[in-house]
>>> print(open('data.pdb').read())   # PDB, C-alpha atoms
ATOM      1  CA  MET A   1      99.899   6.115 -40.536
ATOM      2  CA  ARG A   2     103.469   7.422 -40.492
ATOM      3  CA  LEU A   3     105.906   5.231 -38.579
ATOM      4  CA  ASP A   4     107.029   8.042 -36.268
ATOM      5  CA  ARG A   5     103.425   8.853 -35.426
ATOM      6  CA  PHE A   6     102.633   5.196 -34.744
ATOM      7  CA  LEU A   7     105.541   4.993 -32.302
ATOM      8  CA  SER A   8     104.805   8.363 -30.647
ATOM      9  CA  ASN A   9     101.239   7.243 -29.945
ATOM     10  CA  LEU A  10     102.548   4.423 -27.758
ATOM     11  CA  PRO A  11     102.731   5.295 -24.038
ATOM     12  CA  GLN A  12     106.357   4.183 -23.630
ATOM     13  CA  PHE A  13     107.768   6.587 -26.266
ATOM     14  CA  ASN A  14     107.826  10.353 -26.716
ATOM     15  CA  ARG A  15     108.803  12.127 -29.925
ATOM     16  CA  GLN A  16     112.426  12.617 -28.879
ATOM     17  CA  ALA A  17     112.788   8.937 -28.016
ATOM     18  CA  VAL A  18     111.240   7.979 -31.336
ATOM     19  CA  ARG A  19     113.744  10.101 -33.254
ATOM     20  CA  HIS A  20     116.619   8.439 -31.380
ATOM     21  CA  LEU A  21     115.241   4.942 -32.029
ATOM     22  CA  LEU A  22     114.920   5.630 -35.743
ATOM     23  CA  VAL A  23     118.336   7.223 -36.185
ATOM     24  CA  SER A  24     120.082   4.471 -34.237
ATOM     25  CA  GLY A  25     118.473   1.750 -36.366
ATOM     26  CA  GLN A  26     116.530   0.130 -33.546
ATOM     27  CA  VAL A  27     113.216   0.071 -35.418
ATOM     28  CA  ALA A  28     112.351  -2.712 -37.869
ATOM     29  CA  VAL A  29     109.331  -2.898 -40.173
ATOM     30  CA  ASP A  30     108.542  -6.265 -41.740
ATOM     31  CA  GLY A  31     111.994  -7.511 -40.751
ATOM     32  CA  GLU A  32     113.924  -4.591 -42.261
ATOM     33  CA  VAL A  33     115.618  -1.765 -40.322
ATOM     34  CA  MET A  34     113.650   1.434 -40.948
ATOM     35  CA  ARG A  35     115.124   4.865 -40.197
ATOM     36  CA  ASP A  36     112.558   6.916 -42.127
ATOM     37  CA  GLY A  37     109.907   8.191 -39.727
ATOM     38  CA  LEU A  38     107.708   9.218 -42.660
ATOM     39  CA  TYR A  39     107.425   5.621 -43.845
ATOM     40  CA  GLU A  40     103.760   4.591 -44.032
ATOM     41  CA  VAL A  41     102.755   1.613 -41.908
ATOM     42  CA  THR A  42      99.411  -0.147 -41.811
ATOM     43  CA  GLN A  43      97.605  -2.731 -39.749
ATOM     44  CA  PHE A  44      99.442  -5.339 -41.853
ATOM     45  CA  SER A  45     102.943  -4.104 -40.924
ATOM     46  CA  ARG A  46     105.077  -6.055 -38.460
ATOM     47  CA  ILE A  47     106.788  -3.457 -36.251
ATOM     48  CA  GLU A  48     109.596  -4.171 -33.791
ATOM     49  CA  VAL A  49     111.815  -2.018 -31.548
ATOM     50  CA  ASP A  50     114.980  -3.640 -30.183
ATOM     51  CA  ASN A  51     113.522  -7.015 -31.176
ATOM     52  CA  GLN A  52     110.432  -6.299 -29.061
ATOM     53  CA  LEU A  53     107.299  -6.941 -31.083
ATOM     54  CA  LEU A  54     104.940  -3.946 -30.981
ATOM     55  CA  GLN A  55     102.557  -5.008 -33.750
ATOM     56  CA  ALA A  56     102.422  -8.475 -35.245
ATOM     57  CA  GLY A  57     100.595  -7.338 -38.348
ATOM     58  CA  LYS A  58      97.525  -8.990 -39.800
ATOM     59  CA  ALA A  59      97.631 -11.053 -42.948
ATOM     60  CA  ALA A  60      96.095  -9.051 -45.779
ATOM     61  CA  ARG A  61      93.313 -10.984 -47.492
ATOM     62  CA  TYR A  62      91.853 -10.421 -50.951
ATOM     63  CA  PHE A  63      89.131 -12.501 -52.618
ATOM     64  CA  MET A  64      87.283 -12.522 -55.922
ATOM     65  CA  LEU A  65      83.676 -13.749 -55.726
ATOM     66  CA  HIS A  66      81.299 -14.522 -58.563
ATOM     67  CA  LYS A  67      78.249 -12.984 -56.935
ATOM     68  CA  PRO A  68      75.005 -14.724 -57.814
ATOM     69  CA  ILE A  69      71.650 -13.012 -58.190
ATOM     70  CA  GLY A  70      69.614 -12.945 -54.978
ATOM     71  CA  VAL A  71      72.543 -12.563 -52.568
ATOM     72  CA  VAL A  72      72.991  -9.267 -50.734
ATOM     73  CA  SER A  73      76.205  -7.269 -50.994
ATOM     74  CA  ALA A  74      76.465  -6.753 -47.242
ATOM     75  CA  THR A  75      78.296  -8.195 -44.273
ATOM     76  CA  ALA A  76      75.026  -8.950 -42.452
ATOM     77  CA  HIS A  77      71.330  -8.926 -43.333
ATOM     78  CA  GLU A  78      68.189 -10.063 -41.506
ATOM     79  CA  GLN A  79      66.283 -11.349 -44.543
ATOM     80  CA  HIS A  80      68.769 -12.454 -47.183
ATOM     81  CA  ARG A  81      71.919 -14.506 -47.465
ATOM     82  CA  THR A  82      74.963 -12.259 -47.779
ATOM     83  CA  VAL A  83      78.098 -12.574 -49.882
ATOM     84  CA  LEU A  84      80.118 -13.292 -46.727
ATOM     85  CA  ASP A  85      77.907 -16.326 -46.131
ATOM     86  CA  LEU A  86      79.365 -17.767 -49.333
ATOM     87  CA  LEU A  87      82.931 -17.695 -48.008
ATOM     88  CA  ASP A  88      84.348 -20.736 -46.262
ATOM     89  CA  GLU A  89      86.994 -18.670 -44.475
ATOM     90  CA  PRO A  90      87.938 -17.979 -40.831
ATOM     91  CA  ASN A  91      87.332 -14.575 -39.258
ATOM     92  CA  THR A  92      85.079 -13.147 -41.940
ATOM     93  CA  SER A  93      84.045 -10.407 -39.497
ATOM     94  CA  ASP A  94      87.074  -8.314 -40.475
ATOM     95  CA  LEU A  95      86.275  -8.490 -44.191
ATOM     96  CA  HIS A  96      84.430  -5.840 -46.188
ATOM     97  CA  LEU A  97      83.326  -5.286 -49.769
ATOM     98  CA  ALA A  98      85.304  -3.246 -52.273
ATOM     99  CA  GLY A  99      82.245  -1.962 -54.107
ATOM    100  CA  ARG A 100      78.768  -3.413 -53.964
ATOM    101  CA  LEU A 101      76.341  -4.994 -56.409
ATOM    102  CA  ASP A 102      72.554  -4.805 -56.219
ATOM    103  CA  LEU A 103      70.525  -7.837 -55.129
ATOM    104  CA  ASN A 104      69.632  -8.711 -58.729
ATOM    105  CA  THR A 105      73.062  -7.931 -60.194
ATOM    106  CA  SER A 106      75.651 -10.672 -60.660
ATOM    107  CA  GLY A 107      79.344 -10.834 -61.402
ATOM    108  CA  LEU A 108      82.661  -9.714 -60.000
ATOM    109  CA  LEU A 109      82.738  -8.726 -56.344
ATOM    110  CA  LEU A 110      85.969  -8.061 -54.460
ATOM    111  CA  ILE A 111      86.260  -8.724 -50.730
ATOM    112  CA  THR A 112      89.161  -7.759 -48.478
ATOM    113  CA  ASN A 113      90.313  -6.637 -45.043
ATOM    114  CA  ASP A 114      92.573  -3.951 -46.570
ATOM    115  CA  GLY A 115      90.741  -0.636 -46.331
ATOM    116  CA  GLN A 116      93.382   1.367 -48.180
ATOM    117  CA  TRP A 117      93.262  -1.036 -51.123
ATOM    118  CA  SER A 118      89.472  -1.038 -51.337
ATOM    119  CA  ARG A 119      89.348   2.769 -51.189
ATOM    120  CA  ARG A 120      91.771   2.920 -54.098
ATOM    121  CA  LEU A 121      89.486   0.648 -56.112
ATOM    122  CA  THR A 122      86.280   2.508 -55.391
ATOM    123  CA  GLU A 123      87.075   6.205 -54.931
ATOM    124  CA  PRO A 124      85.924   8.308 -57.920
ATOM    125  CA  ARG A 125      89.287  10.011 -58.421
ATOM    126  CA  SER A 126      90.922   6.652 -59.180
ATOM    127  CA  ARG A 127      88.860   6.516 -62.389
ATOM    128  CA  LEU A 128      89.303   2.730 -62.592
ATOM    129  CA  GLY A 129      86.971   1.396 -65.269
ATOM    130  CA  LYS A 130      84.263  -1.045 -64.253
ATOM    131  CA  VAL A 131      82.796  -3.086 -67.116
ATOM    132  CA  TYR A 132      79.218  -4.386 -67.076
ATOM    133  CA  ARG A 133      77.225  -6.495 -69.501
ATOM    134  CA  VAL A 134      73.768  -4.931 -69.703
ATOM    135  CA  GLN A 135      70.625  -6.576 -71.057
ATOM    136  CA  THR A 136      67.594  -4.411 -71.735
ATOM    137  CA  GLU A 137      63.892  -4.701 -72.420
ATOM    138  CA  GLN A 138      63.976  -2.448 -75.495
ATOM    139  CA  PRO A 139      66.570  -2.243 -78.302
ATOM    140  CA  ILE A 140      69.777  -0.297 -77.697
ATOM    141  CA  THR A 141      70.570   2.182 -80.470
ATOM    142  CA  ALA A 142      73.679   4.097 -81.508
ATOM    143  CA  GLU A 143      72.239   7.239 -79.887
ATOM    144  CA  TYR A 144      73.067   5.778 -76.473
ATOM    145  CA  ILE A 145      76.795   5.769 -77.287
ATOM    146  CA  ASP A 146      77.010   9.529 -77.792
ATOM    147  CA  VAL A 147      74.779  10.405 -74.843
ATOM    148  CA  PHE A 148      76.711   8.199 -72.402
ATOM    149  CA  ALA A 149      80.040   9.535 -73.714
ATOM    150  CA  ARG A 150      78.913  13.133 -72.981
ATOM    151  CA  GLY A 151      77.569  12.259 -69.540
ATOM    152  CA  LEU A 152      74.055  12.402 -68.141
ATOM    153  CA  TYR A 153      72.727  14.963 -65.674
ATOM    154  CA  PHE A 154      71.359  13.441 -62.449
ATOM    155  CA  ALA A 155      69.071  16.013 -60.865
ATOM    156  CA  TYR A 156      68.919  14.332 -57.449
ATOM    157  CA  GLU A 157      72.679  14.665 -56.924
ATOM    158  CA  ASN A 158      72.928  17.797 -59.103
ATOM    159  CA  LEU A 159      75.811  16.331 -61.088
ATOM    160  CA  THR A 160      76.707  15.080 -64.538
ATOM    161  CA  THR A 161      78.077  11.563 -64.785
ATOM    162  CA  LEU A 162      81.598  11.008 -66.013
ATOM    163  CA  PRO A 163      81.919   9.948 -69.662
ATOM    164  CA  ALA A 164      81.071   6.265 -70.091
ATOM    165  CA  GLU A 165      81.889   3.925 -72.960
ATOM    166  CA  LEU A 166      79.190   1.762 -74.540
ATOM    167  CA  ILE A 167      79.792  -1.095 -76.961
ATOM    168  CA  ILE A 168      76.628  -2.562 -78.461
ATOM    169  CA  GLU A 169      76.849  -6.359 -78.693
ATOM    170  CA  SER A 170      73.354  -7.061 -80.019
ATOM    171  CA  SER A 171      69.962  -5.365 -80.210
ATOM    172  CA  HIS A 172      69.332  -5.843 -76.473
ATOM    173  CA  SER A 173      72.827  -6.304 -75.029
ATOM    174  CA  ALA A 174      75.828  -4.024 -74.552
ATOM    175  CA  LEU A 175      79.071  -3.605 -72.618
ATOM    176  CA  LEU A 176      79.170  -0.469 -70.481
ATOM    177  CA  THR A 177      82.338   0.900 -68.864
ATOM    178  CA  LEU A 178      81.834   3.260 -65.923
ATOM    179  CA  HIS A 179      84.470   5.262 -64.067
ATOM    180  CA  GLU A 180      82.376   5.983 -60.991
ATOM    181  CA  GLY A 181      79.662   4.299 -58.941
ATOM    182  CA  ARG A 182      76.537   6.384 -58.490
ATOM    183  CA  TYR A 183      73.356   4.987 -56.922
ATOM    184  CA  HIS A 184      71.680   2.607 -59.422
ATOM    185  CA  GLN A 185      73.729   4.354 -62.079
ATOM    186  CA  VAL A 186      73.346   1.835 -64.912
ATOM    187  CA  LYS A 187      69.582   1.571 -64.503
ATOM    188  CA  ARG A 188      69.241   5.344 -64.354
ATOM    189  CA  MET A 189      71.368   5.859 -67.453
ATOM    190  CA  PHE A 190      69.284   3.458 -69.515
ATOM    191  CA  GLY A 191      66.177   4.897 -67.875
ATOM    192  CA  HIS A 192      67.018   8.151 -69.650
ATOM    193  CA  PHE A 193      65.817   6.324 -72.783
ATOM    194  CA  GLN A 194      62.882   4.668 -70.972
ATOM    195  CA  ASN A 195      64.661   1.354 -71.470
ATOM    196  CA  LYS A 196      64.449  -1.029 -68.536
ATOM    197  CA  VAL A 197      67.547  -3.002 -67.536
ATOM    198  CA  ILE A 198      66.572  -6.646 -67.138
ATOM    199  CA  GLY A 199      70.047  -8.109 -66.655
ATOM    200  CA  LEU A 200      73.247  -6.662 -65.188
ATOM    201  CA  HIS A 201      76.550  -8.499 -64.753
ATOM    202  CA  ARG A 202      79.905  -7.007 -63.743
ATOM    203  CA  LEU A 203      82.849  -8.387 -65.697
ATOM    204  CA  SER A 204      85.782  -6.399 -64.336
ATOM    205  CA  MET A 205      87.064  -3.692 -62.015
ATOM    206  CA  GLY A 206      90.199  -2.001 -63.288
ATOM    207  CA  ALA A 207      92.547  -4.730 -64.491
ATOM    208  CA  ILE A 208      90.867  -7.407 -62.367
ATOM    209  CA  GLN A 209      88.579  -9.577 -64.473
ATOM    210  CA  LEU A 210      86.060 -12.108 -63.253
ATOM    211  CA  ASP A 211      87.551 -15.592 -63.480
ATOM    212  CA  LEU A 212      85.416 -17.449 -66.011
ATOM    213  CA  GLU A 213      86.082 -20.725 -64.185
ATOM    214  CA  LEU A 214      84.179 -19.485 -61.129
ATOM    215  CA  ALA A 215      80.546 -20.535 -61.102
ATOM    216  CA  PRO A 216      78.027 -18.220 -59.394
ATOM    217  CA  GLY A 217      78.692 -18.395 -55.647
ATOM    218  CA  GLN A 218      82.285 -19.565 -56.013
ATOM    219  CA  TYR A 219      85.347 -17.531 -55.060
ATOM    220  CA  ARG A 220      89.138 -17.614 -54.977
ATOM    221  CA  PRO A 221      92.007 -15.543 -53.524
ATOM    222  CA  LEU A 222      93.403 -12.828 -55.756
ATOM    223  CA  SER A 223      96.884 -13.279 -57.169
ATOM    224  CA  ALA A 224      99.651 -10.879 -56.153
ATOM    225  CA  ALA A 225      99.505  -9.360 -59.643
ATOM    226  CA  GLU A 226      95.780  -8.753 -59.348
ATOM    227  CA  VAL A 227      96.179  -7.102 -55.939
ATOM    228  CA  SER A 228      98.921  -4.780 -57.136
ATOM    229  CA  SER A 229      97.196  -3.911 -60.422
ATOM    230  CA  CYS A 230      94.958  -1.250 -58.874
ATOM    231  CA  TRP A 231      97.968   0.828 -57.819
ATOM    232  CA  GLY A 232      99.014   1.313 -61.427
TER     233      GLY A 232
END
>>> encode(input="data.pdb", output="structure tokens")
Amino acid sequence: MRLDRFLSNLPQFNRQAVRHLLVSGQVAVDGEVMRDGLYEVTQFSRIEVDNQLLQAGKAARYFMLHKPIGVVSATAHEQHRTVLDLLDEPNTSDLHLAGRLDLNTSGLLLITNDGQWSRRLTEPRSRLGKVYRVQTEQPITAEYIDVFARGLYFAYENLTTLPAELIIESSHSALLTLHEGRYHQVKRMFGHFQNKVIGLHRLSMGAIQLDLELAPGQYRPLSAAEVSSCWG
């Protein structure tokens, strides 16, 4: 939200008062005087007027989890353990998932309380590559590479998938890079060749790679570099 709009929404200020406060340097954001009413503030911004605290600002939290098979990518579930159950953190109720993984899919899962950041990671127009290691029931041939690079038509959504890159590692294993996240997309793409996916593991999202030192079920906070990497 714009700073001037944030202030105008408060009952004690009207738009004229807000303009005066900004011009006179009475507004501070994160400890710095801010005169630009168009400056974007978030729930994490500390906002003060004449040293009166209007919003303390939450601490932004970002975690990388090595999701194990059999754990649900959800914040709550009646039947299964969820990924939030794996976190030994306070106030997990304000956390959400930046992209999900199926019950039987493992690998990198990102968890945060920053909605703007997670939208950047997951919205299709960001085109951030997501890399998966895929294991299949039948052999993977060179034909898959060309078909995935052209895109596949999904009749249910009436769309053609974005070009995807496939690197064949062995007869039954490959690395697949997607730039979108359609419903069961990997399984449906390999299903085009009547080839069942029997193993799926996410290695990276954008520049953020799964920490190889994390065992399934373990997690760690993201570094500042990892957090900022999705903004390019």
>>> residues_near_point(input="data.pdb", point="(88.1, -9.9, -58.0)", cutoff="10 Å", atoms="only C-alpha atoms", output="list in words")
Tyr62, Phe63, Met64, Leu65, His66, Ala98, Gly107, Leu108, Leu109, Leu110, Ile111, Thr112, Leu203, Ser204, Met205, Gly206, Ala207, Ile208, Gln209, Leu210, Asp211, Tyr219, Arg220, Pro221, Leu222, Ser223, Glu226 and Val227 of chain A
>>> residues_around(input="data.pdb", residues="region 54-61 of chain A", least_positions_apart="2", cutoff="12 Å", atoms="only C-alpha atoms", output="ChimeraX atom specification")
/A:3,6-7,9-13,27-31,41-52,63-64,89-92,94-97,110-118,220-224,227
>>> write_last_selection(input="data.pdb", atoms="C-alpha atoms", output="short mmCIF file (atom, residue, chain, number, x, y, z; two decimals), in the frame of the given file")
data_model
loop_
_atom_site.label_atom_id
_atom_site.label_comp_id
_atom_site.auth_asym_id
_atom_site.auth_seq_id
_atom_site.Cartn_x
_atom_site.Cartn_y
_atom_site.Cartn_z
CA LEU A 3 105.91 5.23 -38.58
CA PHE A 6 102.63 5.20 -34.74
CA LEU A 7 105.54 4.99 -32.30
CA ASN A 9 101.24 7.24 -29.94
CA LEU A 10 102.55 4.42 -27.76
CA PRO A 11 102.73 5.30 -24.04
CA GLN A 12 106.36 4.18 -23.63
CA PHE A 13 107.77 6.59 -26.27
CA VAL A 27 113.22 0.07 -35.42
CA ALA A 28 112.35 -2.71 -37.87
CA VAL A 29 109.33 -2.90 -40.17
CA ASP A 30 108.54 -6.26 -41.74
CA GLY A 31 111.99 -7.51 -40.75
CA VAL A 41 102.76 1.61 -41.91
CA THR A 42 99.41 -0.15 -41.81
CA GLN A 43 97.60 -2.73 -39.75
CA PHE A 44 99.44 -5.34 -41.85
CA SER A 45 102.94 -4.10 -40.92
CA ARG A 46 105.08 -6.06 -38.46
CA ILE A 47 106.79 -3.46 -36.25
CA GLU A 48 109.60 -4.17 -33.79
CA VAL A 49 111.82 -2.02 -31.55
CA ASP A 50 114.98 -3.64 -30.18
CA ASN A 51 113.52 -7.02 -31.18
CA GLN A 52 110.43 -6.30 -29.06
CA PHE A 63 89.13 -12.50 -52.62
CA MET A 64 87.28 -12.52 -55.92
CA GLU A 89 86.99 -18.67 -44.48
CA PRO A 90 87.94 -17.98 -40.83
CA ASN A 91 87.33 -14.58 -39.26
CA THR A 92 85.08 -13.15 -41.94
CA ASP A 94 87.07 -8.31 -40.48
CA LEU A 95 86.28 -8.49 -44.19
CA HIS A 96 84.43 -5.84 -46.19
CA LEU A 97 83.33 -5.29 -49.77
CA LEU A 110 85.97 -8.06 -54.46
CA ILE A 111 86.26 -8.72 -50.73
CA THR A 112 89.16 -7.76 -48.48
CA ASN A 113 90.31 -6.64 -45.04
CA ASP A 114 92.57 -3.95 -46.57
CA GLY A 115 90.74 -0.64 -46.33
CA GLN A 116 93.38 1.37 -48.18
CA TRP A 117 93.26 -1.04 -51.12
CA SER A 118 89.47 -1.04 -51.34
CA ARG A 220 89.14 -17.61 -54.98
CA PRO A 221 92.01 -15.54 -53.52
CA LEU A 222 93.40 -12.83 -55.76
CA SER A 223 96.88 -13.28 -57.17
CA ALA A 224 99.65 -10.88 -56.15
CA VAL A 227 96.18 -7.10 -55.94
#
>>> residues_around(input="data.pdb", residues="region 160-165 of chain A", least_positions_apart="6", cutoff="9 Å", atoms="only C-alpha atoms", output="list in words")
Ile145, Asp146, Val147, Phe148, Ala149, Arg150, Gly151, Leu152, Tyr153, Phe154, Leu175, Leu176, Thr177, Leu178, His179, Glu180, Arg182 and Gln185 of chain A
>>> resolve_selection(input="data.pdb", expression="the PyMOL selection byres ((chain A and resi 103) around 9)", output="JSON, numbers by chain")
{"A": [68, 69, 70, 71, 72, 73, 101, 102, 104, 105, 106]}
>>> closest_residue(input="data.pdb", among="A:Arg81, A:Ile167, A:Trp231, A:Tyr39", to="Ser126 (chain A)", atoms="all atoms listed in the file")
A:Trp231
>>> atom_distance(input="data.pdb", atom1="CA of Arg100 (chain A)", atom2="CA of Gly191 (chain A)")
20.5 Å
>>> atom_distance(input="data.pdb", atom1="CA of Cys230 (chain A)", atom2="CA of Lys67 (chain A)")
20.5 Å
>>> residues_around(input="data.pdb", residues="Gln135 (chain A)", least_positions_apart="5", cutoff="7 Å", atoms="only C-alpha atoms", output="list in words")
His172, Ser173, Ala174, Val197, Ile198, Gly199 and Leu200 of chain A
>>> closest_residue(input="data.pdb", among="A:Ile168, A:Thr82, A:Asn14, A:Gly99", to="Glu123 (chain A)", atoms="all atoms listed in the file")
A:Gly99
>>> atom_distance(input="data.pdb", atom1="CA of Gly25 (chain A)", atom2="CA of Arg5 (chain A)")
16.7 Å
>>> axis_aligned_box(input="data.pdb", around="region 53-61 of chain A", padding_each_side="4 Å", output="JSON")
{"center_x": 100.3, "center_y": -7.5, "center_z": -39.2, "size_x": 22.0, "size_y": 15.1, "size_z": 24.5}
